[in-house]
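Report on the following structure.
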Number of protein chains: 2
Amino acid sequence: MTQAELVAEIVGRARAASERLAELRTDVKDAALRQAADALEDACASLLRENARDLEAGRKRGLAAPLLDRLALSPERISAMAAGLREVAALPDPVGEVTRMWNRPNGLQVGRMRIPLGVILVIYESRPNVTADVAALCLKSGNAAILRGGSEAIHSNRAIAGVLRTALARAGVPEDAVSLVQETSRELVDALLLRDDAIDLVIPRGGEGLIRSVAEKSRIPVIKHYKGVCHVYLDEFAEPKMASDIAVNSKVQRVSVCNAAETLLVHTALAERVLPDVLGALAAHGVELRACARTRAHFPRALPATDADYATEWLAKVMSVRMVDSMDQAIEHIRRFGSSHTETIVTQDVQRAREFLRRVNSSSVFVNASTRFSDGFQLGLGAEVGVSTTKMHWYGPMGLEGLTTQKFIAFGEGTIVE
Amino acid sequence: MTQAELVAEIVGRARAASERLAELRTDVKDAALRQAADALEDACASLLRENARDLEAGRKRGLAAPLLDRLALSPERISAMAAGLREVAALPDPVGEVTRMWNRPNGLQVGRMRIPLGVILVIYESRPNVTADVAALCLKSGNAAILRGGSEAIHSNRAIAGVLRTALARAGVPEDAVSLVQETSRELVDALLLRDDAIDLVIPRGGEGLIRSVAEKSRIPVIKHYKGVCHVYLDEFAEPKMASDIAVNSKVQRVSVCNAAETLLVHTALAERVLPDVLGALAAHGVELRACARTRAHFPRALPATDADYATEWLAKVMSVRMVDSMDQAIEHIRRFGSSHTETIVTQDVQRAREFLRRVNSSSVFVNASTRFSDGFQLGLGAEVGVSTTKMHWYGPMGLEGLTTQKFIAFGEGTIVE
């Protein structure tokens with residue numbers, strides 16, 4: 001098969017499956033997800049065997065230990081994947097939901113109804129559990145998923161996708177609801193990215209390099225965020241203990257994720273009373289602090305910060321710190337150095353809370369809560385397929401609802417335009 | 001100024017204006033729109049003078065009469081533009097609307113709040129009233145508009161944009177909320193289309209050629225529809241008079257628009273009783289009919305139809321007709337030949353109505369109503385900036401709400417991730 005034929009085959013099958021998926025009843029989709037979950041657990045031994053091949057190849061290629069860890073499956077991780085499928089089965093079905101309905105003066109009743117997007121291409125790296133997670137979210141939202149995992153996980157991904165497809169077919173769901181691109185060449189992905197006639201959305205999951213490359217080549221809309229430079233702003237009216245708790249939790253609860261805080265902005269009014277305690281607590285958790293001169297006057301242990309530091313997504317136990325004279329200055333800093341991901345204000349003053357919420361247009365803006373809540377599970381979406389910091393289609397953590405769009409519907413009684 | 005400098009200047013000013021616009025109070029925006037409406041009416045004489053220059057140049061270049069008509073301003077058309085601005089001022093402000101709010105088990109209160117998209121580039125042809133319409137919708141939704149009209153309307157567009165900018169500045173709104181690209185070269189547009197770092201959305205309004213060219217060159221998300229091949233399906237259980245009324249209204253009420261019907265699908269059960277009357281009524285309105293052989297057996301006056309006819313957006317008093325054995329066959333036809341724009345079913349049967357609504361995923365799907373309702377004004381959106389048949393961000397007629405996105409907001413009480 002030539003590459004053009006292969007691409008035509010992949011998108012043709014996915015497209016055909018997407019038409020049937022859009023019409024599937026909720027109970028059929030949910031039963032299929034539960035059966036797929038059972039099938040993954042039943043296939044544990046063979047999944048581990050295929051995964052061992054990837055791990056072996058990875059070791060030979062000299063993959064770093066953290067990458068090997070992300071790649072590795074275990075009985076626990078397989079059970080977690082299965083549990084993920086069952087959780088998605090338990091979520092409400094967004095398809096067919098009528099979100100609003102209103103009447104026109106001429107008697108026409110107008111509404112908007114959720115429908116699937118169609119065919120979704122997901123490009124991801126290493127972690128094989130993404131294969132199951134994304135397949136489940138796409139299926140539940142009535143979309144066909146074309147999955148293109150990394151070559152380092154190809155045996156694991158093939159095994160997982162194979163189990164899922166067999167289980168779906170047994171449950172009366174088209175197996176092409178989930179298709180794994182078997183050939184992991186770049187050329188094939190590039191060719192898929194030009195098929196905006198057949199693929200509705202691309203979601204790249206991985207490092208900034210992968211995401212930029214997809215965004216530049218794609219003619220299909222891309223859901224993306226490049227990085228998460230998240231801010232905690234301790235306002236003049238912050239409650240001291242809460243300030244410390246939220247700064248510490250936002251920074252250290254898990255440092256390697258996009259919703260971990262990277263910069264602490266502190267109102268000058270807190271310089272004497274609160275600042276040293278908060279920075280002391282961070283330092284006690286092993287956080288290296290890089291601070292402006294005014295901050296260092298009150299906390300000399302901090303290293304000096306540069307503008308480049310303020311633009312850095314540390315993803316490590318490092319935090320930039322800056323003192324600001326006002327909330328205006330904090331917002332200005334966020335606009336200049338932020339990445340539209342997540343910001344939080346700590347304050348007891350309702351006016352400041354309201355203004356911060358209204359004026360900061362990052363995809364998640366919180367009051368008195370950790371930045372770590374910017375996550376599909378934590379916000380109550382059930383799961384997430386990614387986070388978007390592009391202000392289109394979806395903005396913020398994206399779950400089932402983000403995988404749908406809305407059509408207009410209307411009921412008349414022979415209603416015509418005069 | 002080099003072209004690169006010019007592009008940087010245009011997007012830099014629009015970006016700065018968009019930050020201020022996002023924070024403007026509703027009453028300030030509404031007062032500015034009303035003052036701009038007054039200013040357009042006050043400037044009637046000078047607008048007509050500038051418009052005369054475009055008309056003169058158009059005649060010299062040999063523009064066709066319909067194009068000259070679209071280009072022409074008159075005191076009535078200027079008043080209509082002003083009325084449009086006042087109508088937008090009277091619409092509810094989408095910015096800051098909290099669309100949902102829910103509680104998490106840990107006490108976190110989560111919601112979604114509407115915010116502007118940012119900077120919107122609109123590329124359009126001939127009709128100068130688009131300048132005022134689009135500026136008003138963008139301003140009300142808190143977005144900065146970069147307008148690039150056609151060279152044939154440059155004097156009219158300059159005059160209108162000039163009046164608007166002066167009025168906005170007087171009302172305390174940044175004048176760069178509305179900027180007109182003065183230089184109408186293709187190279188400049190192409191350069192703007194690469195600035196996905198500074199422009200959030202592109203809306204091309206014009207012929208299919210313009211739209212395709214923008215979609216191919218743009219790195220910025222594009223709101224578009226290529227064409228409107230809209231269908232009227234007369235079901236087995238259609239009420240005969242309603243069938244005729246809706247077929248006629250959908251086709252002839254205004255033939256040159258994208259939501260006019262192009263194809264009539266008729267259930268075989270109607271072949272004897274209803275079909276000849278409906279086609280007779282269409283023919284009496286001067287509609288040329290192109291029909292399948294089975295239809296022609298009952299209505300010999302119709303010409304034979306080809307597959308190419310079924311894919312054609314006539315935009316004229318021509319209609320394709322096809323007899324179908326079932327609703328399944330009607331839906332199949334729509335999927336094969338349709339353009340995801342608007343389809344309507346005429347039926348008295350609730351099960352058929354429900355199934356058609358659920359299964360047809362065009363951007364507007366109606367029951368017992370004319371396809372001509374697929375329009376922002378008619379559906380109650382107040383106005384529209386365009387129609388999207390791309391299943392992303394927005395699908396269908398797009399008004400103020402479509403010019404916004406939603407951020408996540410959350411209120412905690414020192415809430416941290418455990």
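A note on labels: chains of the structure tokens are A, B, ... as shown, every chain counts residues from 1, and ligands are counted from 1 in their shown order.
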
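Within 10 Å of region 53-62 of chain B, once only C-alpha atoms are used and residues closer than 6 positions along the same chain are dropped, the contacting residues are B:Leu68, B:Asp69, B:Leu71, B:Ala72, B:Leu73, B:Ser126, B:Ser151, B:Glu152, B:Ala153, B:Ile154, B:His155, B:Ser156, B:Asn157.
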
- Which residues, written as a list in words, have at least one atom at most 8 Å from Pro221 (chain B), with only C-alpha atoms counted and residues fewer than 3 positions away on the same chain left out?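 The neighbour list is Pro221 and Met392 of chain A; Asp200, Leu201, Val202 and Ser218 of chain B.
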
The selected residues should be written to file as a tab-separated table (two decimals), in the first residue's frame (atoms: C-alpha atoms).
```
chain	number	residue	atom	x	y	z
A	221	PRO	CA	-7.80	22.81	14.21
A	392	MET	CA	-11.10	28.88	20.57
B	200	ASP	CA	-7.34	34.90	17.64
B	201	LEU	CA	-9.84	34.36	14.84
B	202	VAL	CA	-10.28	35.06	11.13
B	218	SER	CA	-4.13	30.93	7.65
```

- Message: Just list as a VMD selection string whatever in region 171-306 of chain B DSSP marks as alpha helix (DSSP H).
- Response: chain B and resid 186 to 193 208 to 217 240 to 252 275 to 284 293 to 298

What does the file look like for those residues with C-alpha atoms, as a PDB file, in the first residue's frame?
```
ATOM      1  CA  ARG B 186      -2.704  40.411  -0.863  1.00  0.00           C
ATOM      2  CA  GLU B 187       0.774  40.233   0.644  1.00  0.00           C
ATOM      3  CA  LEU B 188      -0.342  42.205   3.680  1.00  0.00           C
ATOM      4  CA  VAL B 189      -3.321  39.926   4.281  1.00  0.00           C
ATOM      5  CA  ASP B 190      -1.123  36.877   3.881  1.00  0.00           C
ATOM      6  CA  ALA B 191       1.289  38.265   6.461  1.00  0.00           C
ATOM      7  CA  LEU B 192      -1.583  38.932   8.894  1.00  0.00           C
ATOM      8  CA  LEU B 193      -2.833  35.359   8.444  1.00  0.00           C
ATOM      9  CA  GLU B 208     -15.928  30.439  -2.037  1.00  0.00           C
ATOM     10  CA  GLY B 209     -12.644  31.470  -3.695  1.00  0.00           C
ATOM     11  CA  LEU B 210     -11.885  34.060  -1.015  1.00  0.00           C
ATOM     12  CA  ILE B 211     -12.788  31.629   1.759  1.00  0.00           C
ATOM     13  CA  ARG B 212     -10.677  28.766   0.391  1.00  0.00           C
ATOM     14  CA  SER B 213      -7.693  31.029  -0.094  1.00  0.00           C
ATOM     15  CA  VAL B 214      -7.915  32.325   3.485  1.00  0.00           C
ATOM     16  CA  ALA B 215      -8.388  28.817   4.910  1.00  0.00           C
ATOM     17  CA  GLU B 216      -5.335  27.510   3.083  1.00  0.00           C
ATOM     18  CA  LYS B 217      -3.019  30.323   4.087  1.00  0.00           C
ATOM     19  CA  PRO B 240     -49.669  18.660   2.008  1.00  0.00           C
ATOM     20  CA  LYS B 241     -50.185  22.421   2.295  1.00  0.00           C
ATOM     21  CA  MET B 242     -47.299  22.766   4.761  1.00  0.00           C
ATOM     22  CA  ALA B 243     -45.096  20.750   2.402  1.00  0.00           C
ATOM     23  CA  SER B 244     -45.810  23.158  -0.400  1.00  0.00           C
ATOM     24  CA  ASP B 245     -45.486  26.321   1.723  1.00  0.00           C
ATOM     25  CA  ILE B 246     -42.139  25.303   3.172  1.00  0.00           C
ATOM     26  CA  ALA B 247     -40.694  24.073  -0.127  1.00  0.00           C
ATOM     27  CA  VAL B 248     -41.680  27.321  -1.854  1.00  0.00           C
ATOM     28  CA  ASN B 249     -40.551  29.607   0.975  1.00  0.00           C
ATOM     29  CA  SER B 250     -37.225  27.780   1.386  1.00  0.00           C
ATOM     30  CA  LYS B 251     -36.512  28.058  -2.336  1.00  0.00           C
ATOM     31  CA  VAL B 252     -37.912  31.374  -3.548  1.00  0.00           C
ATOM     32  CA  LEU B 275     -45.628  15.807  -5.359  1.00  0.00           C
ATOM     33  CA  PRO B 276     -47.349  17.272  -8.456  1.00  0.00           C
ATOM     34  CA  ASP B 277     -48.911  20.075  -6.390  1.00  0.00           C
ATOM     35  CA  VAL B 278     -45.643  21.015  -4.692  1.00  0.00           C
ATOM     36  CA  LEU B 279     -43.683  20.994  -7.939  1.00  0.00           C
ATOM     37  CA  GLY B 280     -46.511  22.858  -9.653  1.00  0.00           C
ATOM     38  CA  ALA B 281     -46.336  25.571  -6.981  1.00  0.00           C
ATOM     39  CA  LEU B 282     -42.560  25.857  -7.399  1.00  0.00           C
ATOM     40  CA  ALA B 283     -42.906  26.030 -11.184  1.00  0.00           C
ATOM     41  CA  ALA B 284     -45.582  28.713 -10.798  1.00  0.00           C
ATOM     42  CA  ALA B 293     -36.528   9.777 -13.343  1.00  0.00           C
ATOM     43  CA  ARG B 294     -39.087   8.649 -10.768  1.00  0.00           C
ATOM     44  CA  THR B 295     -40.081  12.245 -10.071  1.00  0.00           C
ATOM     45  CA  ARG B 296     -40.338  13.015 -13.779  1.00  0.00           C
ATOM     46  CA  ALA B 297     -42.745  10.116 -14.221  1.00  0.00           C
ATOM     47  CA  HIS B 298     -45.165  12.121 -12.070  1.00  0.00           C
TER      48      HIS B 298
END
```

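You will find CA of Lys29 (chain A) at 10.9 Å from CA of Ala177 (chain A).
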
How close does chain A get to chain B? List, as CSV, each residue of chain A within 7 Å, its nearest atom pair and the distance in Å to one decimal, counting only C-alpha atoms.
```
residue,atom,partner,partner_atom,distance
A:Glu23,CA,B:Arg359,CA,6.4
A:Gly96,CA,B:Arg358,CA,6.9
A:Arg104,CA,B:Gly380,CA,6.7
A:Val110,CA,B:Leu379,CA,6.7
A:Leu117,CA,B:Lys391,CA,5.9
A:Pro221,CA,B:Pro221,CA,6.8
A:Met242,CA,B:Gly414,CA,5.3
A:Ile246,CA,B:Ile416,CA,6.3
A:Asn249,CA,B:Ile416,CA,6.2
A:Arg358,CA,B:Gly96,CA,6.9
A:Arg359,CA,B:Glu23,CA,6.4
A:Ser362,CA,B:Lys407,CA,6.9
A:Ser363,CA,B:Lys407,CA,4.7
A:Ser364,CA,B:Phe408,CA,4.6
A:Val365,CA,B:Ile409,CA,4.9
A:Phe366,CA,B:Ala410,CA,4.7
A:Val367,CA,B:Phe411,CA,4.8
A:Asn368,CA,B:Gly414,CA,4.9
A:Ala369,CA,B:Thr415,CA,4.7
A:Ser370,CA,B:Ile416,CA,5.1
A:Arg372,CA,B:Val417,CA,6.4
A:Phe373,CA,B:Val417,CA,6.7
A:Leu379,CA,B:Val110,CA,6.7
A:Gly380,CA,B:Arg104,CA,6.7
A:Lys391,CA,B:Leu117,CA,5.9
A:Met392,CA,B:His393,CA,5.7
A:His393,CA,B:His393,CA,3.3
A:Trp394,CA,B:His393,CA,6.9
A:Tyr395,CA,B:Lys407,CA,6.0
A:Gly396,CA,B:Lys407,CA,6.5
A:Thr405,CA,B:Lys391,CA,6.2
A:Gln406,CA,B:Tyr395,CA,6.3
A:Lys407,CA,B:Ser363,CA,4.7
A:Phe408,CA,B:Ser364,CA,4.6
A:Ile409,CA,B:Val365,CA,4.9
A:Ala410,CA,B:Phe366,CA,4.7
A:Phe411,CA,B:Val367,CA,4.8
A:Gly412,CA,B:Ala369,CA,4.8
A:Glu413,CA,B:Asn368,CA,5.4
A:Gly414,CA,B:Asn368,CA,4.8
A:Thr415,CA,B:Ala369,CA,4.7
A:Ile416,CA,B:Ser370,CA,5.1
A:Val417,CA,B:Arg372,CA,6.4
```

Restricted to N, CA and C atoms, what would the selected residues look like written as a compact mmCIF listing (two decimals), in the first residue's frame?
```txt
# COMPACT_ATOMS: atom_id res chain seq x y z
N GLU A 23 -24.68 8.05 16.19
CA GLU A 23 -26.07 7.63 16.39
C GLU A 23 -26.24 6.57 17.47
N GLY A 96 -26.57 14.74 22.22
CA GLY A 96 -28.02 14.87 22.20
C GLY A 96 -28.55 15.81 23.26
N ARG A 104 -39.33 32.12 19.55
CA ARG A 104 -39.32 33.33 18.74
C ARG A 104 -40.75 33.87 18.65
N VAL A 110 -36.59 27.42 19.14
CA VAL A 110 -35.20 27.24 18.70
C VAL A 110 -34.37 26.70 19.85
N LEU A 117 -17.90 15.83 17.42
CA LEU A 117 -17.14 16.58 16.42
C LEU A 117 -16.92 15.75 15.17
N PRO A 221 -7.92 22.09 12.93
CA PRO A 221 -7.80 22.81 14.21
C PRO A 221 -7.08 21.96 15.26
N MET A 242 -3.54 30.69 54.91
CA MET A 242 -4.05 30.28 53.61
C MET A 242 -3.03 30.62 52.51
N ILE A 246 -1.62 27.63 50.16
CA ILE A 246 -1.90 27.59 48.72
C ILE A 246 -0.61 27.74 47.91
N ASN A 249 1.08 24.24 48.27
CA ASN A 249 0.37 23.19 47.53
C ASN A 249 0.48 23.40 46.02
N ARG A 358 -12.53 38.73 37.10
CA ARG A 358 -13.08 39.37 35.92
C ARG A 358 -11.98 39.77 34.95
N ARG A 359 -10.85 40.24 35.48
CA ARG A 359 -9.85 40.85 34.60
C ARG A 359 -8.82 39.87 34.07
N SER A 362 -6.96 34.15 31.85
CA SER A 362 -6.33 32.85 31.65
C SER A 362 -7.44 31.80 31.61
N SER A 363 -7.09 30.57 31.20
CA SER A 363 -8.14 29.58 31.00
C SER A 363 -8.73 29.08 32.31
N SER A 364 -7.98 29.18 33.41
CA SER A 364 -8.54 28.89 34.73
C SER A 364 -8.09 30.00 35.68
N VAL A 365 -9.04 30.59 36.36
CA VAL A 365 -8.76 31.69 37.29
C VAL A 365 -9.47 31.39 38.60
N PHE A 366 -8.68 31.26 39.67
CA PHE A 366 -9.25 30.80 40.93
C PHE A 366 -9.11 31.85 42.04
N VAL A 367 -9.94 31.69 43.05
CA VAL A 367 -9.87 32.50 44.26
C VAL A 367 -9.66 31.56 45.44
N ASN A 368 -8.62 31.77 46.20
CA ASN A 368 -8.36 30.99 47.42
C ASN A 368 -8.35 29.48 47.17
N ALA A 369 -7.79 29.08 46.05
CA ALA A 369 -7.68 27.65 45.75
C ALA A 369 -6.37 27.41 45.03
N SER A 370 -5.84 26.21 45.18
CA SER A 370 -4.56 25.84 44.57
C SER A 370 -4.66 25.79 43.05
N ARG A 372 -3.37 23.71 41.32
CA ARG A 372 -3.41 22.29 40.97
C ARG A 372 -4.83 21.79 40.68
N PHE A 373 -5.85 22.63 40.96
CA PHE A 373 -7.22 22.22 40.65
C PHE A 373 -7.54 22.34 39.16
N LEU A 379 -11.90 19.44 38.59
CA LEU A 379 -12.98 20.41 38.39
C LEU A 379 -14.33 19.73 38.18
N GLY A 380 -14.31 18.40 38.14
CA GLY A 380 -15.58 17.68 38.05
C GLY A 380 -16.00 17.33 36.64
N LYS A 391 -7.81 30.34 22.84
CA LYS A 391 -9.15 30.81 23.18
C LYS A 391 -10.18 30.47 22.11
N MET A 392 -10.14 29.27 21.60
CA MET A 392 -11.10 28.88 20.57
C MET A 392 -11.69 27.55 20.95
N HIS A 393 -12.93 27.34 20.54
CA HIS A 393 -13.63 26.08 20.75
C HIS A 393 -13.70 25.70 22.22
N TRP A 394 -12.54 25.54 22.84
CA TRP A 394 -12.51 25.17 24.24
C TRP A 394 -11.32 25.86 24.87
N TYR A 395 -11.46 26.25 26.15
CA TYR A 395 -10.41 26.99 26.83
C TYR A 395 -10.35 26.40 28.23
N GLY A 396 -9.20 25.78 28.56
CA GLY A 396 -9.05 25.15 29.87
C GLY A 396 -9.11 23.64 29.76
N THR A 405 -19.71 19.66 19.66
CA THR A 405 -20.10 21.01 19.29
C THR A 405 -21.61 21.06 19.40
N GLN A 406 -22.25 22.18 19.04
CA GLN A 406 -23.70 22.27 19.14
C GLN A 406 -24.29 22.68 17.81
N LYS A 407 -25.34 21.96 17.38
CA LYS A 407 -26.06 22.39 16.20
C LYS A 407 -27.31 23.15 16.65
N PHE A 408 -27.83 23.98 15.75
CA PHE A 408 -29.11 24.63 16.02
C PHE A 408 -30.23 23.68 15.63
N ILE A 409 -31.26 23.62 16.45
CA ILE A 409 -32.46 22.87 16.06
C ILE A 409 -33.65 23.81 16.18
N ALA A 410 -34.70 23.57 15.42
CA ALA A 410 -35.90 24.41 15.54
C ALA A 410 -37.13 23.61 15.17
N PHE A 411 -38.21 23.85 15.91
CA PHE A 411 -39.51 23.25 15.62
C PHE A 411 -40.46 24.36 15.18
N GLY A 412 -41.05 24.19 14.00
CA GLY A 412 -42.06 25.15 13.55
C GLY A 412 -43.39 24.44 13.43
N GLU A 413 -44.35 25.15 12.88
CA GLU A 413 -45.67 24.55 12.61
C GLU A 413 -46.04 24.98 11.20
N GLY A 414 -45.10 24.73 10.29
CA GLY A 414 -45.23 25.23 8.93
C GLY A 414 -44.72 26.66 8.83
N THR A 415 -43.82 27.03 9.75
CA THR A 415 -43.35 28.41 9.87
C THR A 415 -42.46 28.80 8.69
N ILE A 416 -42.80 29.92 8.06
CA ILE A 416 -42.01 30.40 6.93
C ILE A 416 -41.53 31.82 7.19
N VAL A 417 -40.52 32.24 6.45
CA VAL A 417 -39.97 33.59 6.59
C VAL A 417 -40.84 34.54 5.77
```

- Taking the DSSP assignment computed from this structure's backbone, write out as a ChimeraX atom specification all residues of region 100-210 of chain A that belong to strand (DSSP E). /A:100-103,109-116,119-124,144-148,178-180,201-205

- Between B:Ala238, B:Ala14, B:Val387, B:Ile331, smallest distance to Ala145 (chain B) by only C-alpha atoms belongs to B:Ala14

- Item | Closest of B:Leu180, B:Ala8, B:Val28, B:Ala171 to Pro128 (chain B) - atom-to-atom distances counting only C-alpha atoms |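 So, comparing all the options, the nearest one is B:Leu180.
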
Fewer than 3 positions away in the same chain doesn't count, so skip those; otherwise give me all residues within 7 Å of region 323-326 of chain B, counting only C-alpha atoms, as a PDB file with C-alpha atoms, in the first residue's frame.
```pdb
ATOM      1  CA  LEU B 265     -36.295  15.267  -1.279  1.00  0.00           C
ATOM      2  CA  VAL B 266     -39.727  13.675  -1.490  1.00  0.00           C
ATOM      3  CA  HIS B 267     -40.896  10.410   0.072  1.00  0.00           C
ATOM      4  CA  THR B 268     -42.406   8.023  -2.545  1.00  0.00           C
ATOM      5  CA  CYS B 292     -34.769  12.137 -10.926  1.00  0.00           C
ATOM      6  CA  ARG B 294     -39.087   8.649 -10.768  1.00  0.00           C
ATOM      7  CA  THR B 295     -40.081  12.245 -10.071  1.00  0.00           C
ATOM      8  CA  GLN B 329     -32.376   7.317   2.016  1.00  0.00           C
ATOM      9  CA  ALA B 330     -33.066  11.031   2.498  1.00  0.00           C
TER      10      ALA B 330
END
```

- Mind checking which residues fall within 9 Å of Arg148 (chain A), counting only C-alpha atoms, ignoring those fewer than 6 positions away in the same chain, and posting them as number ranges by chain? A: 121-125, 131, 179-184, 189

- Message: As an exercise, work out the distance from CA of Val88 (chain A) to CA of Ile120 (chain A) in Å and give it to one decimal place.
- Response: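 Separation of CA of Val88 (chain A) and CA of Ile120 (chain A): 17.4 Å.
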